[in-house]
Amino acid sequence: MVEASATALDGPQGPKPRKVFSRRNIFLYGTLFVIAIYYALPLYVMIVTSLKGMPEIRLGNIFAPPVEVTFEPWVKAWSQACTGLTCNGLSTGFWNSVQITIPSVILSIIIASVNGYALANWKFKGSDVFFTILIFGAFIPYQVMLYPIVILLREIGLYGSLSGLVLVHTIFGMPILTLLFRNYFTSLPEELFKAARVDGAKFWGIYFRIMVPMSLPIFTVAVILQVTGIWNDFLFGVVYSGPESYPMTVSLNNIVNSSQGVKEYNVNMAATILTGLVPLTIYFVSGRMFVRGIAAGAVKG
Amino acid sequence: MASTRPSQLFRNKTAKIAAIPMIVTALFVFVGGTVWTVVYSFTKSGLLPRLKWVGLDQYERLWATRKWLIAIENLAIYGICMLVLVFVIGFILAALIDQKIRFENTIRTIILYPFALSFVITGLVWQWMLNPEFGVQNIVREWGWESFTFNPLYNADIAIYGVLIAGLWQASGLVMVLMLAGLRGIDQDVWKAARVDGIPTWKTYIRIVIPMMRPVFITALVIVVTGIVKIYDLIVAQTGGGPGISTEVPAKYVYDMMFKASNLGQGFAASTMMLLTVLLVVIPWAILEFGDSKKHG
Amino acid sequence: MNLTSKLLAATALVAASSTSATELEVMHWWTSGGEAAAVGELANAFDATGNTWVDAAIAGGDAARPVMISRLTGGDPMGAFQFNHGRQAEELIEAGLLRDITDIAEAEGWKDIVNPLSLLDSCTVDGRIYCAPVNIHSWQWLWLSHKAYKDAGVDVPTNWDEFVAAAPKLTESGILPMAAGQEGWQQGGLFNVLMASLVPNEVFLSVYGDKDTDVAAGPEIARVFKAAADARSMSSNSTVQAWNDATNLVITGKAGGQIMGDWAQGEFAIAEQVAGEDYSCLPGLGVTELLSTGGDAFYFPVLKDEAQIAAQGELAALMLKPATQVAFNLKKGSLPVRGDIDLSTANDCMQKGLALLEKGALLPDFNQLVTPDTKDQIDTLFVEFFADSSMAVDAAQAEFVKIISAAE
């Protein structure tokens, strides 16, 4: 085992022809297979349940594949499920979530990457203190900050507007993202930075021409984190925006938490998957980019 | 750290201007909000924040409340288990995947996808999986093992571990990816050198590779620990704090006090205790991290 | 903050509230089947006046309440909102966030039509009226499934003792004797129903009204705790969370009965069950027939836009009109707030409630007597009590006395 894994890590020149059924391979793939089942099973249950009719669900076996496949729960979850008087399902919330997520992700990543860059390469007096405060901020439970933020937004006249919500997401995304960017920029070869300085490049010049192009993987991680976090947010969306711009999670909460007589598990599951679809897609697409970015040798040894 | 050196040479106004959003956020939101919370924790605020001073009353009540004590105990159990397991699992998974395996994309995707789901979804689906009537227990019994019992969510003594299963499922993928990024960032020469010196693989990991991955570990640590401290949605979706009050956590206590009991003062007192604990961890870390760099700088 | 930002905030406020002249955003947490149908009646009636009801429903009072408070304090108020009247809203009124609707109440003569008048008192602070009560909800009902008892071969109980006595038979037939949702407000509520029904009224009033710890520690409350222990063992296999999921167990005959407020009626109605045939209801658990007079009310934030203020007034007046009251309450399963309307179309259970209302067999609502804080502590106690069958009756009572002694 020891020897084998050591050879496996031998440089990037593809695998050497090797016996497929070596003990090492059986162990490795066996383990990975079991792990994959543990991770995949809940998703399987969600999908299978969402395709069943209610009578079949009552039979009680959540792992059994559907006898009769129905897409009705999906249709219902997307466009018909009611909350109070409005019966639009998740469809309206979806576009609101898009409108909230895109500017929030962009703004928060721009600000955090500049923060990280300044902290890594242009330290000034007190910058460590502010960074420490930011890290501290990462630990603050959101509920605690609910009212102070309401007051803050009211004072700057942004309460109840989309820009206010974008601002809140930017603020609460800042600690982790800044940390991410700072660590990443710190790990870039210092010689690059010095050479650019010698060539007369300034703050923004170095940022745009050297740092950003070299930082694809970390930008990808940031996008994954932010899209996931903002898309899945319920509390900020419901508190800081009005009903005309409630995100999808508010509709999801309403569908899942208000049963109409009988809990419609299939609709709940379909709604759940539909809500999770955007971050999942972003991940599937960017996940590959992420690893490719890293494989391109962007991280220094 | 080495990269702090240029700052000594090139002081720059632009950097300070560029950092204004960060400074404003740090001062007005995080410091301001915290001070505000601490101040109001000494008041008898009900539905709305009001400056009606009551001294330490809220804290006396807080520490006499069983729900709060249970919440802290749960956070400690959950936190320690989560921290240890998520790193062990995350690192092992990353090391396994780093073995130039086939289907790497597929497996990595399967492990990381839970992170894309919200806690509400995670809680809901694991509530199902662990439901004795139609979840895992039922299936194993149908296979013929009639006496098989696995219903953590219905047993007050171990319910918090049922939550842990869901929490690990959700978070370990991200740790794995961060670790993988760290491992891939290690120069191949390091492995070659270790092999030439005849150091066994596991020792290379522990002695050489992991110390080199320090920034990645710190990033992962902050993400995981903040997730632990803030745990709320998962509990609400999966157990609602039950059975009884056996899976209560501090953030839920805060929320319940503020919005169910309309007792903001009590909620702020609980928040203050949480913030204080965080400070006790963050400040020593900062001194370690930055106190050092100044000496070298 | 400085002057400019205040001005900015003020303009934002005006801009936000003047988007459309007669659209009024109404916020509530009525999302279950029967509740939504009832809200629909209010909305239809309001739309018929030429205004537009903009529905903002958020499932779950715990999720909705912070949103409402934030909207109010953030200076972006909605047009009207459902809130538990009682002691909760006092602070909002003190902060000047809610509109005084005394003029509307006087013009509509609410003082003369609202019955019992205590409902209007709950909306009144310093002689001014701040909310429009829309219904009377009472907690003290035991809902019984005829199918369940038929399947078990026992007569449908007529009071609490028979209900407890029939439990073993039901268990034998694989039927859950008692359905109960595992949420604090339901479990605390259940205890209060037992207290209101099984011991004399004075006990209820001296414990929750006067916060008398001697009575709370006394033998009568001990009896209530014993009954709660019975309820605990009868419902020990009930794993549902939401109240309407528990009601559904009764509707389908999977459980014998459930203690729940009259809003459960709406679920029976949606399932097209007939009171007296498919299910029975026992007010006061068939022991002490009485009702508590809690209920729902709508509050109206202070707005700036004239057209919206006018719309608020119309909505408030509309809510107590006879036609609205009948339509709304029939769907909601609650009782109307005025005694002068014909409810002959109401079913068996509602008629029982109306008769009690007429007789004046009433108890003040628990939420009028204690603060939300005390209520939450009591709820938490019973969450523990019902989840942990090893929690002794006297230990729980001692805990209860502690809560009462600290209550305001």
# chains A, B, ... in the order shown; residues from 1 in each chain; ligands from 1
$ interface_residues --of "chain B" --to "chain C" --cutoff "12 Å" --atoms "only C-alpha atoms" --output "PyMOL selection string"
chain B and resi 44-50+61+64-68+70+127+131-133+153-157+233+236-248+252-253+255-267
$ write_last_selection --atoms "C-alpha atoms" --output "PDB file, in the first residue's frame"
ATOM      1  CA  LYS B  44     -34.995  44.748  29.898  1.00  0.00           C
ATOM      2  CA  SER B  45     -35.765  44.909  26.186  1.00  0.00           C
ATOM      3  CA  GLY B  46     -38.825  42.973  25.193  1.00  0.00           C
ATOM      4  CA  LEU B  47     -40.252  43.049  21.704  1.00  0.00           C
ATOM      5  CA  LEU B  48     -38.271  46.172  20.835  1.00  0.00           C
ATOM      6  CA  PRO B  49     -34.845  47.318  22.011  1.00  0.00           C
ATOM      7  CA  ARG B  50     -35.280  49.731  24.924  1.00  0.00           C
ATOM      8  CA  ARG B  61     -31.363  34.177  34.460  1.00  0.00           C
ATOM      9  CA  ALA B  64     -30.018  29.467  35.685  1.00  0.00           C
ATOM     10  CA  THR B  65     -31.829  28.233  32.594  1.00  0.00           C
ATOM     11  CA  ARG B  66     -31.501  24.560  31.824  1.00  0.00           C
ATOM     12  CA  LYS B  67     -32.214  25.053  28.134  1.00  0.00           C
ATOM     13  CA  TRP B  68     -29.143  27.289  27.816  1.00  0.00           C
ATOM     14  CA  ILE B  70     -28.061  22.005  27.491  1.00  0.00           C
ATOM     15  CA  GLN B 127     -34.846  13.642   9.234  1.00  0.00           C
ATOM     16  CA  ASN B 131     -36.920   8.202  10.669  1.00  0.00           C
ATOM     17  CA  PRO B 132     -37.403   4.733  12.194  1.00  0.00           C
ATOM     18  CA  GLU B 133     -40.656   4.119  10.333  1.00  0.00           C
ATOM     19  CA  LEU B 153     -33.411  11.416  16.379  1.00  0.00           C
ATOM     20  CA  TYR B 154     -35.939   9.770  18.668  1.00  0.00           C
ATOM     21  CA  ASN B 155     -33.565   9.125  21.518  1.00  0.00           C
ATOM     22  CA  ALA B 156     -32.811  12.190  23.586  1.00  0.00           C
ATOM     23  CA  ASP B 157     -29.432  10.831  24.706  1.00  0.00           C
ATOM     24  CA  ASP B 233     -31.073  26.088  10.534  1.00  0.00           C
ATOM     25  CA  VAL B 236     -34.633  23.686  13.282  1.00  0.00           C
ATOM     26  CA  ALA B 237     -35.146  21.681  10.102  1.00  0.00           C
ATOM     27  CA  GLN B 238     -34.028  18.339  11.426  1.00  0.00           C
ATOM     28  CA  THR B 239     -35.133  18.127  15.056  1.00  0.00           C
ATOM     29  CA  GLY B 240     -36.643  21.458  16.060  1.00  0.00           C
ATOM     30  CA  GLY B 241     -34.507  21.146  19.191  1.00  0.00           C
ATOM     31  CA  GLY B 242     -36.111  17.865  20.156  1.00  0.00           C
ATOM     32  CA  PRO B 243     -36.827  15.324  21.382  1.00  0.00           C
ATOM     33  CA  GLY B 244     -37.663  17.532  24.307  1.00  0.00           C
ATOM     34  CA  ILE B 245     -34.889  20.082  24.466  1.00  0.00           C
ATOM     35  CA  SER B 246     -32.120  17.581  23.845  1.00  0.00           C
ATOM     36  CA  THR B 247     -30.757  19.166  20.666  1.00  0.00           C
ATOM     37  CA  GLU B 248     -31.040  22.828  21.572  1.00  0.00           C
ATOM     38  CA  LYS B 252     -31.424  28.702  18.606  1.00  0.00           C
ATOM     39  CA  TYR B 253     -31.711  29.856  22.199  1.00  0.00           C
ATOM     40  CA  TYR B 255     -33.500  33.175  18.236  1.00  0.00           C
ATOM     41  CA  ASP B 256     -36.182  31.683  20.473  1.00  0.00           C
ATOM     42  CA  MET B 257     -35.638  34.336  23.120  1.00  0.00           C
ATOM     43  CA  MET B 258     -35.648  37.208  20.656  1.00  0.00           C
ATOM     44  CA  PHE B 259     -38.567  36.205  18.476  1.00  0.00           C
ATOM     45  CA  LYS B 260     -40.624  33.595  20.294  1.00  0.00           C
ATOM     46  CA  ALA B 261     -40.420  34.891  23.811  1.00  0.00           C
ATOM     47  CA  SER B 262     -40.159  38.555  22.779  1.00  0.00           C
ATOM     48  CA  ASN B 263     -37.360  38.919  25.287  1.00  0.00           C
ATOM     49  CA  LEU B 264     -34.608  40.697  23.375  1.00  0.00           C
ATOM     50  CA  GLY B 265     -32.602  41.408  26.530  1.00  0.00           C
ATOM     51  CA  GLN B 266     -32.267  37.725  27.299  1.00  0.00           C
ATOM     52  CA  GLY B 267     -31.427  36.975  23.671  1.00  0.00           C
TER      53      GLY B 267
END
$ residues_around --residues "stretch 193-199 of chain B" --least-positions-apart "4" --cutoff "9 Å" --atoms "only C-alpha atoms" --output "ChimeraX atom specification"
/A:6 /B:188-189,203-204,208
$ write_last_selection --atoms "N, CA and C atoms" --output "compact mmCIF listing (two decimals), in the first residue's frame"
# COMPACT_ATOMS: atom_id res chain seq x y z
N ALA A 6 2.86 5.71 -3.16
CA ALA A 6 3.99 6.60 -3.42
C ALA A 6 4.25 6.71 -4.92
N GLN B 188 5.75 18.49 -6.43
CA GLN B 188 6.08 17.07 -6.57
C GLN B 188 7.48 16.75 -6.05
N ASP B 189 8.36 17.76 -6.09
CA ASP B 189 9.72 17.54 -5.61
C ASP B 189 9.75 17.13 -4.15
N LYS B 203 4.05 9.15 6.98
CA LYS B 203 4.89 10.08 7.73
C LYS B 203 5.11 11.37 6.92
N THR B 204 5.24 11.19 5.61
CA THR B 204 5.41 12.36 4.75
C THR B 204 4.20 13.27 4.88
N ILE B 208 5.46 16.48 6.74
CA ILE B 208 5.87 17.48 5.75
C ILE B 208 4.67 18.14 5.07
$ closest_residue --among "A:Val239, A:Ala36, A:Val198, A:Met248" --to "chain C" --atoms "only C-alpha atoms"
A:Val239
$ residues_around --residues "stretch 136-152 of chain B" --least-positions-apart "5" --cutoff "9 Å" --atoms "only C-alpha atoms" --output "PyMOL selection string"
(chain A and resi 60-63) or (chain B and resi 128-131+157-163)
$ closest_residue --among "B:Ala270, B:Ile111, B:Ala94, B:Leu178" --to "chain A" --atoms "only C-alpha atoms"
B:Ile111
$ residues_around --residues "C:Gly257" --least-positions-apart "5" --cutoff "6 Å" --atoms "only C-alpha atoms" --output "PyMOL selection string"
chain C and resi 143-144+178+250
$ write_last_selection --atoms "C-alpha atoms" --output "PDB file, in the first residue's frame"
ATOM      1  CA  TRP C 143     -61.633  16.292  18.878  1.00  0.00           C
ATOM      2  CA  LEU C 144     -62.639  12.664  18.574  1.00  0.00           C
ATOM      3  CA  MET C 178     -54.176  10.549  21.460  1.00  0.00           C
ATOM      4  CA  VAL C 250     -57.817  11.984  13.911  1.00  0.00           C
TER       5      VAL C 250
END
$ closest_residue --among "A:Ser108, A:Lys194, A:Pro66, A:Leu252" --to "A:Trp122" --atoms "only C-alpha atoms"
A:Lys194
